[in-house]
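J.: So that we are looking at the same thing, I have put the structure below in structure tokens.
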Amino acid sequence: MRTTELDSKYHDLEKMSTLEILTGINTEDKTVPYAIEKVIPAIEKTVDGIVERMRRGGRVFYIGAGTSGRLGIIDAAEIPPTYGLKDTFIGIIAGGDSAIRTPVEGSEDIKENGWRDVSAFNPKPEDSIIGVAASGVTPYTIGALEEARAHGMLTSCITCCENAPIAQVVEYPISVIAGPEFVTGSTRMKAGTVGKLILNMISTAIVIKLGRVRGNKMIDMDITNRKLVDRGTRMIMEQAGIDDYEKAKELLMKYGHVRQAVDAYLAR
């Protein structure tokens with residue numbers, strides 16, 4: 001039986017108090033970071049391989065079904081405004097964009113549709129693809145990875161099952177064994193947290209390696225609201241050594257990004 005389908009360690013959930021339910025969920029959630037810690041070397045190999053290709057113009061695709069697909073879309077969507085990388089991280093979900101909000105039943109079972117959906121973006125050998133599948137058996141995701149590897153792309157996966165089929169078809173498998181869910185088989189819980197945390201790790205490490213962070217600041221973020229204007233202004237003050245808030249804000253408004261504002265000021 002797949003790890004994600006193992007019976008919960010908790011029984012008679014409907015008889016539990018609210019406190020018991022919440023404590024049980026929290027107890028299980030605490031195991032996730034420790035399970036991920038064991039596979040950091042595998043994550044490292046994935047990141048370094050992707051960075052090498054991105055320096056040659058490659059992109060990163062995330063692909064999955066259901067919760068796994070949504071996690072990839074969330075991560076990909078946050079990269080452009082946060083780090084200024086446009087059309088570089090791409091999330092794909094079985095069933096298309098409508099499946100982001102509403103499940104498209106059966107879409108994950110059609111193996112050939114995975115590569116079809118990736119092909120819409122004209123993938124190249126410099127690109128990389130990460131398949132996210134808690135169970136490790138999703139035909140849609142496995143099919144995309146098999147074809148991607150045959151076309152010379154870097155392939156990786158995130159799964160929560162031991163000896164999962166998906167891990168057998170990629171170069172860089174990331175298998176996190178977090179154990180059974182609090183509610184048996186509910187992989188939107190711990191397995192979903194595994195996917196979210198590892199995608200955070202991968203994308204953040206990549207953008208740092210690509211020079212999109214200076215010190216510990218997101219110097220290429222898009223300035224799209226008052227909060228970010230204030231954050232960007234304070235970044236400029238710190239990095240350019242400016243004591244005057246209004247002067248730093250004026251520089252930000254003039255150049256539009258922290259990096260350009262700081263570099264222009266220091267180059268005077």
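Labels used: A, B, ... for chains in the order of the structure tokens, numbers from 1 for residues in each chain, and numbers from 1 for ligands as shown.
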Counting only C-alpha atoms, which residues in range 59-165 of chain A sit no more than 12 Å from range 198-204 of chain A? For each one, give the nearest pair of atoms and the distance in Å, sorted by chain then residue number, as CSV.
T.:
```
residue,atom,partner,partner_atom,distance
A:Arg59,CA,A:Ser203,CA,11.5
A:Val60,CA,A:Ser203,CA,9.2
A:Phe61,CA,A:Ser203,CA,11.2
A:Tyr62,CA,A:Leu199,CA,9.2
A:Ile63,CA,A:Leu199,CA,11.7
A:Ser68,CA,A:Leu199,CA,10.6
A:Gly69,CA,A:Leu199,CA,11.6
A:Arg70,CA,A:Leu199,CA,11.6
A:Leu71,CA,A:Leu199,CA,8.1
A:Gly72,CA,A:Leu199,CA,7.4
A:Ile73,CA,A:Leu199,CA,10.4
A:Ile74,CA,A:Leu199,CA,9.6
A:Asp75,CA,A:Leu199,CA,6.8
A:Ala76,CA,A:Ser203,CA,8.4
A:Ala77,CA,A:Ser203,CA,11.3
A:Glu78,CA,A:Ser203,CA,9.9
A:Ile79,CA,A:Ser203,CA,8.0
A:Pro80,CA,A:Ser203,CA,11.5
A:Thr82,CA,A:Thr204,CA,10.2
A:Tyr83,CA,A:Thr204,CA,9.4
A:Leu85,CA,A:Ser203,CA,11.2
A:Thr88,CA,A:Ser203,CA,10.9
A:Phe89,CA,A:Ser203,CA,8.7
A:Ile90,CA,A:Ser203,CA,11.5
A:Gly91,CA,A:Leu199,CA,11.4
A:Ile130,CA,A:Leu199,CA,9.4
A:Gly131,CA,A:Leu199,CA,10.8
A:Val132,CA,A:Leu199,CA,9.3
A:Ser156,CA,A:Ile202,CA,11.2
A:Cys157,CA,A:Ile198,CA,10.5
A:Ile158,CA,A:Ile198,CA,7.9
A:Thr159,CA,A:Ile198,CA,10.5
A:Cys160,CA,A:Ile198,CA,11.6
```
J.: Please provide as an mmCIF file with N, CA and C atoms, in the first residue's frame all residues within 8 Å of range 245-260 of chain A, with the sequence filter that same-chain residues fewer than 6 positions apart are discarded (counting only C-alpha atoms).
T.:
```
data_model
loop_
_atom_site.group_PDB
_atom_site.id
_atom_site.type_symbol
_atom_site.label_atom_id
_atom_site.label_comp_id
_atom_site.auth_asym_id
_atom_site.auth_seq_id
_atom_site.Cartn_x
_atom_site.Cartn_y
_atom_site.Cartn_z
ATOM 1 N N ILE A 219 15.407 42.621 -4.042
ATOM 2 C CA ILE A 219 15.665 43.911 -4.687
ATOM 3 C C ILE A 219 15.041 44.060 -6.070
ATOM 4 N N ASP A 220 14.481 42.981 -6.610
ATOM 5 C CA ASP A 220 13.854 43.055 -7.931
ATOM 6 C C ASP A 220 12.337 42.951 -7.869
ATOM 7 N N MET A 221 11.764 43.065 -6.671
ATOM 8 C CA MET A 221 10.312 42.934 -6.539
ATOM 9 C C MET A 221 9.591 44.063 -7.270
ATOM 10 N N ASP A 222 8.384 43.747 -7.728
ATOM 11 C CA ASP A 222 7.540 44.767 -8.351
ATOM 12 C C ASP A 222 6.907 45.634 -7.263
ATOM 13 N N ILE A 223 6.914 46.929 -7.488
ATOM 14 C CA ILE A 223 6.325 47.861 -6.522
ATOM 15 C C ILE A 223 4.874 48.109 -6.927
ATOM 16 N N VAL A 229 5.855 49.812 -1.603
ATOM 17 C CA VAL A 229 6.558 51.093 -1.746
ATOM 18 C C VAL A 229 7.352 51.385 -0.472
ATOM 19 N N ASP A 230 6.709 51.172 0.663
ATOM 20 C CA ASP A 230 7.388 51.406 1.939
ATOM 21 C C ASP A 230 8.561 50.449 2.116
ATOM 22 N N GLY A 232 10.260 48.885 -0.248
ATOM 23 C CA GLY A 232 11.307 49.243 -1.199
ATOM 24 C C GLY A 232 12.071 50.481 -0.781
ATOM 25 N N THR A 233 11.357 51.461 -0.240
ATOM 26 C CA THR A 233 12.007 52.695 0.219
ATOM 27 C C THR A 233 13.010 52.394 1.317
ATOM 28 N N ARG A 234 12.616 51.555 2.255
ATOM 29 C CA ARG A 234 13.506 51.208 3.362
ATOM 30 C C ARG A 234 14.695 50.375 2.886
ATOM 31 N N MET A 235 14.488 49.555 1.882
ATOM 32 C CA MET A 235 15.609 48.815 1.289
ATOM 33 C C MET A 235 16.634 49.775 0.706
ATOM 34 N N ILE A 236 16.141 50.778 -0.016
ATOM 35 C CA ILE A 236 17.034 51.759 -0.627
ATOM 36 C C ILE A 236 17.800 52.531 0.442
ATOM 37 N N MET A 237 17.109 52.911 1.487
ATOM 38 C CA MET A 237 17.776 53.617 2.583
ATOM 39 C C MET A 237 18.921 52.790 3.149
#
```
J.: To one decimal in Å, tell me the separation between CA of Leu154 in chain A and CA of Asp127 in chain A.
T.: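 So the two atoms, CA of Leu154 in chain A and CA of Asp127 in chain A, lie 6.6 Å apart.
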J.: Among range 42-263 of chain A, which residues does DSSP mark as helix (DSSP H, G or I) when it is run on the backbone? Keep the chain and numbering as in the structure and answer as a VMD selection string.
T.: chain A and resid 42 to 54 66 to 83 97 to 100 107 to 109 112 to 119 139 to 150 165 to 168 190 to 209 226 to 240 245 to 255 258 to 263
J.: For the residues selected in the previous step, produce a file with C-alpha atoms as an mmCIF file, in the first residue's frame.
T.:
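So the final result, stored in part-v6.cif, reads:
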```
data_model
loop_
_atom_site.group_PDB
_atom_site.id
_atom_site.type_symbol
_atom_site.label_atom_id
_atom_site.label_comp_id
_atom_site.auth_asym_id
_atom_site.auth_seq_id
_atom_site.Cartn_x
_atom_site.Cartn_y
_atom_site.Cartn_z
ATOM 1 C CA ALA A 42 18.270 15.557 -3.157
ATOM 2 C CA ILE A 43 16.738 19.034 -3.205
ATOM 3 C CA GLU A 44 20.238 20.519 -3.521
ATOM 4 C CA LYS A 45 20.961 18.451 -6.636
ATOM 5 C CA THR A 46 17.682 19.560 -8.183
ATOM 6 C CA VAL A 47 18.362 23.245 -7.487
ATOM 7 C CA ASP A 48 21.924 23.177 -8.809
ATOM 8 C CA GLY A 49 20.862 21.354 -11.968
ATOM 9 C CA ILE A 50 18.063 23.821 -12.627
ATOM 10 C CA VAL A 51 20.229 26.891 -11.971
ATOM 11 C CA GLU A 52 22.818 25.679 -14.476
ATOM 12 C CA ARG A 53 20.140 25.417 -17.153
ATOM 13 C CA MET A 54 18.463 28.687 -16.252
ATOM 14 C CA GLY A 66 -5.420 18.498 -7.846
ATOM 15 C CA THR A 67 -3.713 19.910 -4.760
ATOM 16 C CA SER A 68 -0.283 19.135 -6.224
ATOM 17 C CA GLY A 69 -1.026 21.105 -9.380
ATOM 18 C CA ARG A 70 -2.416 24.046 -7.421
ATOM 19 C CA LEU A 71 0.700 24.221 -5.252
ATOM 20 C CA GLY A 72 2.878 24.539 -8.335
ATOM 21 C CA ILE A 73 0.676 27.267 -9.775
ATOM 22 C CA ILE A 74 0.805 29.227 -6.507
ATOM 23 C CA ASP A 75 4.594 29.079 -6.366
ATOM 24 C CA ALA A 76 5.031 29.983 -10.030
ATOM 25 C CA ALA A 77 2.578 32.887 -9.777
ATOM 26 C CA GLU A 78 4.492 34.466 -6.915
ATOM 27 C CA ILE A 79 7.894 34.575 -8.619
ATOM 28 C CA PRO A 80 7.307 37.481 -11.077
ATOM 29 C CA PRO A 81 6.108 40.080 -8.540
ATOM 30 C CA THR A 82 8.528 38.952 -5.844
ATOM 31 C CA TYR A 83 11.712 38.523 -7.863
ATOM 32 C CA ASP A 97 -6.918 26.588 -15.462
ATOM 33 C CA SER A 98 -10.533 25.807 -14.575
ATOM 34 C CA ALA A 99 -9.204 23.013 -12.338
ATOM 35 C CA ILE A 100 -7.511 25.586 -10.111
ATOM 36 C CA SER A 107 -8.199 14.554 -15.967
ATOM 37 C CA GLU A 108 -5.225 13.187 -14.063
ATOM 38 C CA ASP A 109 -5.753 9.697 -15.477
ATOM 39 C CA GLU A 112 -0.697 11.725 -22.804
ATOM 40 C CA ASN A 113 -2.324 14.991 -21.732
ATOM 41 C CA GLY A 114 0.561 15.914 -19.456
ATOM 42 C CA TRP A 115 3.079 16.360 -22.250
ATOM 43 C CA ARG A 116 0.416 17.919 -24.459
ATOM 44 C CA ASP A 117 -0.078 20.669 -21.891
ATOM 45 C CA VAL A 118 3.675 21.216 -21.494
ATOM 46 C CA SER A 119 4.112 21.320 -25.284
ATOM 47 C CA PRO A 139 -0.515 9.145 -15.029
ATOM 48 C CA TYR A 140 -0.869 12.760 -16.221
ATOM 49 C CA THR A 141 2.257 13.846 -14.348
ATOM 50 C CA ILE A 142 4.316 10.739 -15.074
ATOM 51 C CA GLY A 143 3.545 10.995 -18.785
ATOM 52 C CA ALA A 144 4.748 14.586 -18.888
ATOM 53 C CA LEU A 145 7.972 13.699 -17.093
ATOM 54 C CA GLU A 146 8.736 10.746 -19.331
ATOM 55 C CA GLU A 147 8.382 12.832 -22.476
ATOM 56 C CA ALA A 148 10.241 15.782 -20.959
ATOM 57 C CA ARG A 149 13.218 13.573 -20.158
ATOM 58 C CA ALA A 150 13.142 12.075 -23.645
ATOM 59 C CA PRO A 165 6.647 5.049 -9.930
ATOM 60 C CA ILE A 166 7.156 8.778 -10.523
ATOM 61 C CA ALA A 167 10.562 8.624 -8.829
ATOM 62 C CA GLN A 168 11.671 5.968 -11.308
ATOM 63 C CA LYS A 190 0.774 16.728 5.367
ATOM 64 C CA ALA A 191 1.560 15.795 1.776
ATOM 65 C CA GLY A 192 0.330 19.196 0.646
ATOM 66 C CA THR A 193 2.532 20.861 3.241
ATOM 67 C CA VAL A 194 5.500 18.839 1.991
ATOM 68 C CA GLY A 195 4.891 20.078 -1.542
ATOM 69 C CA LYS A 196 4.487 23.699 -0.481
ATOM 70 C CA LEU A 197 7.616 23.730 1.684
ATOM 71 C CA ILE A 198 9.836 22.061 -0.914
ATOM 72 C CA LEU A 199 8.616 24.291 -3.730
ATOM 73 C CA ASN A 200 9.389 27.281 -1.482
ATOM 74 C CA MET A 201 12.877 25.906 -0.910
ATOM 75 C CA ILE A 202 13.552 25.177 -4.564
ATOM 76 C CA SER A 203 12.319 28.447 -6.058
ATOM 77 C CA THR A 204 13.836 30.613 -3.328
ATOM 78 C CA ALA A 205 17.229 28.920 -3.592
ATOM 79 C CA ILE A 206 17.122 29.303 -7.381
ATOM 80 C CA VAL A 207 16.391 33.034 -7.369
ATOM 81 C CA ILE A 208 19.107 33.629 -4.763
ATOM 82 C CA LYS A 209 21.635 31.712 -6.881
ATOM 83 C CA ARG A 226 1.726 50.986 -0.571
ATOM 84 C CA LYS A 227 3.226 48.233 1.543
ATOM 85 C CA LEU A 228 5.776 47.416 -1.145
ATOM 86 C CA VAL A 229 6.558 51.093 -1.746
ATOM 87 C CA ASP A 230 7.388 51.406 1.939
ATOM 88 C CA ARG A 231 9.429 48.192 1.926
ATOM 89 C CA GLY A 232 11.307 49.243 -1.199
ATOM 90 C CA THR A 233 12.007 52.695 0.219
ATOM 91 C CA ARG A 234 13.506 51.208 3.362
ATOM 92 C CA MET A 235 15.609 48.815 1.289
ATOM 93 C CA ILE A 236 17.034 51.759 -0.627
ATOM 94 C CA MET A 237 17.776 53.617 2.583
ATOM 95 C CA GLU A 238 19.678 50.630 3.940
ATOM 96 C CA GLN A 239 21.560 49.620 0.809
ATOM 97 C CA ALA A 240 22.390 53.101 -0.448
ATOM 98 C CA TYR A 245 12.966 58.471 3.760
ATOM 99 C CA GLU A 246 11.420 60.873 1.238
ATOM 100 C CA LYS A 247 14.622 61.044 -0.787
ATOM 101 C CA ALA A 248 14.791 57.244 -0.948
ATOM 102 C CA LYS A 249 11.125 57.062 -1.919
ATOM 103 C CA GLU A 250 11.707 59.600 -4.687
ATOM 104 C CA LEU A 251 14.496 57.413 -6.064
ATOM 105 C CA LEU A 252 12.212 54.369 -5.968
ATOM 106 C CA MET A 253 9.469 56.205 -7.844
ATOM 107 C CA LYS A 254 11.950 57.423 -10.435
ATOM 108 C CA TYR A 255 13.560 54.059 -11.211
ATOM 109 C CA VAL A 258 15.122 48.860 -5.751
ATOM 110 C CA ARG A 259 18.084 47.468 -7.687
ATOM 111 C CA GLN A 260 18.070 50.211 -10.316
ATOM 112 C CA ALA A 261 17.552 52.940 -7.731
ATOM 113 C CA VAL A 262 20.414 51.751 -5.505
ATOM 114 C CA ASP A 263 22.810 51.136 -8.387
#
```
J.: With distances taken over only C-alpha atoms, which residue among A:Pro41, A:Gly64, A:Gly215, A:Pro33 lies nearest Pro173 in chain A?
T.: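 Ranking A:Pro41, A:Gly64, A:Gly215, A:Pro33 by distance to Pro173 in chain A, first place goes to A:Pro41.
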J.: Please provide as JSON, numbers by chain all residues within 8 Å of range 161-164 of chain A, with the sequence filter that same-chain residues fewer than 2 positions apart are discarded (counting only C-alpha atoms).
T.: {"A": [2, 3, 4, 134, 135, 136, 137, 159, 166, 167, 168, 175, 176, 177]}
J.: Any idea what the distance is between CA of Thr187 in chain A and CA of Tyr172 in chain A?
T.: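 Separation of CA of Thr187 in chain A and CA of Tyr172 in chain A: 22.1 Å.
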J.: From the set A:Gly211, A:Pro125, A:Gly179, A:Gly185, which residue has the shortest atom-to-atom contact distance to Ile36 in chain A, counting only C-alpha atoms?
T.: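 Using only C-alpha atoms, the shortest distance to Ile36 in chain A belongs to A:Gly179.
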J.: Could you state the separation of CA of Leu13 in chain A and CA of Pro103 in chain A in Å, given to one decimal place?
T.: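 So the two atoms, CA of Leu13 in chain A and CA of Pro103 in chain A, lie 26.0 Å apart.
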J.: Find, counting only C-alpha atoms, the residue in A:Met153, A:Val213, A:Val183, A:Ile110 that gets nearest to Lys124 in chain A.
T.: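 Checking each of A:Met153, A:Val213, A:Val183, A:Ile110 against Lys124 in chain A, counting only C-alpha atoms, the winner is A:Met153.
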J.: Select, from A:Ala65, A:Met1, A:Ser128, A:Ile92, the residue with the minimum atom-to-atom distance to Val104 in chain A, counting only C-alpha atoms.
T.: A:Ala65
J.: Please extract the residues of range 20-192 of chain A with a backbone DSSP assignment of strand (DSSP E) and present them as a compact mmCIF listing (two decimals) with N, CA and C atoms, in the first residue's frame.
T.:
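The result, written out as selection.txt:
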```txt
# COMPACT_ATOMS: atom_id res chain seq x y z
N VAL A 60 11.44 26.91 -15.70
CA VAL A 60 11.05 25.84 -14.78
C VAL A 60 9.55 25.60 -14.92
N PHE A 61 9.18 24.36 -15.17
CA PHE A 61 7.77 23.97 -15.20
C PHE A 61 7.45 23.16 -13.95
N TYR A 62 6.31 23.46 -13.34
CA TYR A 62 5.74 22.62 -12.30
C TYR A 62 4.51 21.97 -12.91
N ILE A 63 4.31 20.68 -12.65
CA ILE A 63 3.13 20.03 -13.19
C ILE A 63 2.56 19.05 -12.17
N GLY A 64 1.23 19.00 -12.08
CA GLY A 64 0.59 18.10 -11.14
C GLY A 64 -0.92 18.13 -11.32
N PHE A 89 8.93 30.77 -14.44
CA PHE A 89 8.35 29.66 -13.68
C PHE A 89 6.90 29.50 -14.15
N ILE A 90 6.56 28.29 -14.57
CA ILE A 90 5.25 28.05 -15.18
C ILE A 90 4.57 26.87 -14.48
N GLY A 91 3.38 27.09 -13.96
CA GLY A 91 2.62 26.04 -13.31
C GLY A 91 1.55 25.47 -14.23
N ILE A 92 1.47 24.15 -14.28
CA ILE A 92 0.48 23.47 -15.13
C ILE A 92 -0.30 22.48 -14.28
N ILE A 93 -1.62 22.47 -14.44
CA ILE A 93 -2.47 21.57 -13.67
C ILE A 93 -3.34 20.73 -14.60
N SER A 128 13.52 22.90 -17.37
CA SER A 128 13.43 21.87 -16.33
C SER A 128 11.96 21.68 -15.95
N ILE A 129 11.64 20.50 -15.44
CA ILE A 129 10.26 20.24 -15.04
C ILE A 129 10.25 19.44 -13.74
N ILE A 130 9.38 19.87 -12.83
CA ILE A 130 9.21 19.19 -11.55
C ILE A 130 7.78 18.68 -11.47
N GLY A 131 7.63 17.39 -11.36
CA GLY A 131 6.30 16.81 -11.20
C GLY A 131 5.98 16.67 -9.72
N VAL A 132 4.83 17.18 -9.32
CA VAL A 132 4.41 17.10 -7.92
C VAL A 132 3.26 16.09 -7.84
N LEU A 154 15.63 18.69 -17.90
CA LEU A 154 15.91 18.19 -16.56
C LEU A 154 14.59 17.80 -15.92
N THR A 155 14.56 16.64 -15.28
CA THR A 155 13.32 16.16 -14.66
C THR A 155 13.52 15.87 -13.18
N SER A 156 12.56 16.31 -12.38
CA SER A 156 12.57 16.06 -10.94
C SER A 156 11.14 15.80 -10.49
N CYS A 157 10.98 15.32 -9.28
CA CYS A 157 9.63 15.11 -8.76
C CYS A 157 9.63 15.28 -7.25
N ILE A 158 8.45 15.58 -6.73
CA ILE A 158 8.22 15.63 -5.28
C ILE A 158 7.09 14.65 -4.99
N THR A 159 7.38 13.64 -4.19
CA THR A 159 6.37 12.65 -3.85
C THR A 159 6.50 12.27 -2.39
N TYR A 172 16.13 13.45 -10.89
CA TYR A 172 16.32 13.95 -9.53
C TYR A 172 15.04 13.75 -8.70
N PRO A 173 14.85 12.56 -8.17
CA PRO A 173 13.65 12.32 -7.35
C PRO A 173 13.79 12.90 -5.95
N ILE A 174 12.72 13.47 -5.44
CA ILE A 174 12.67 13.97 -4.06
C ILE A 174 11.50 13.24 -3.39
N SER A 175 11.83 12.26 -2.57
CA SER A 175 10.81 11.44 -1.93
C SER A 175 10.81 11.71 -0.43
```
J.: List as a PyMOL selection string the protein and nucleic acid residues near range 28-30 of chain A, meaning an atom at most 9 Å away when only C-alpha atoms are counted, but skip any in the same chain fewer than 4 places from it.
T.: chain A and resi 23-24+34+178-182+189-190+193
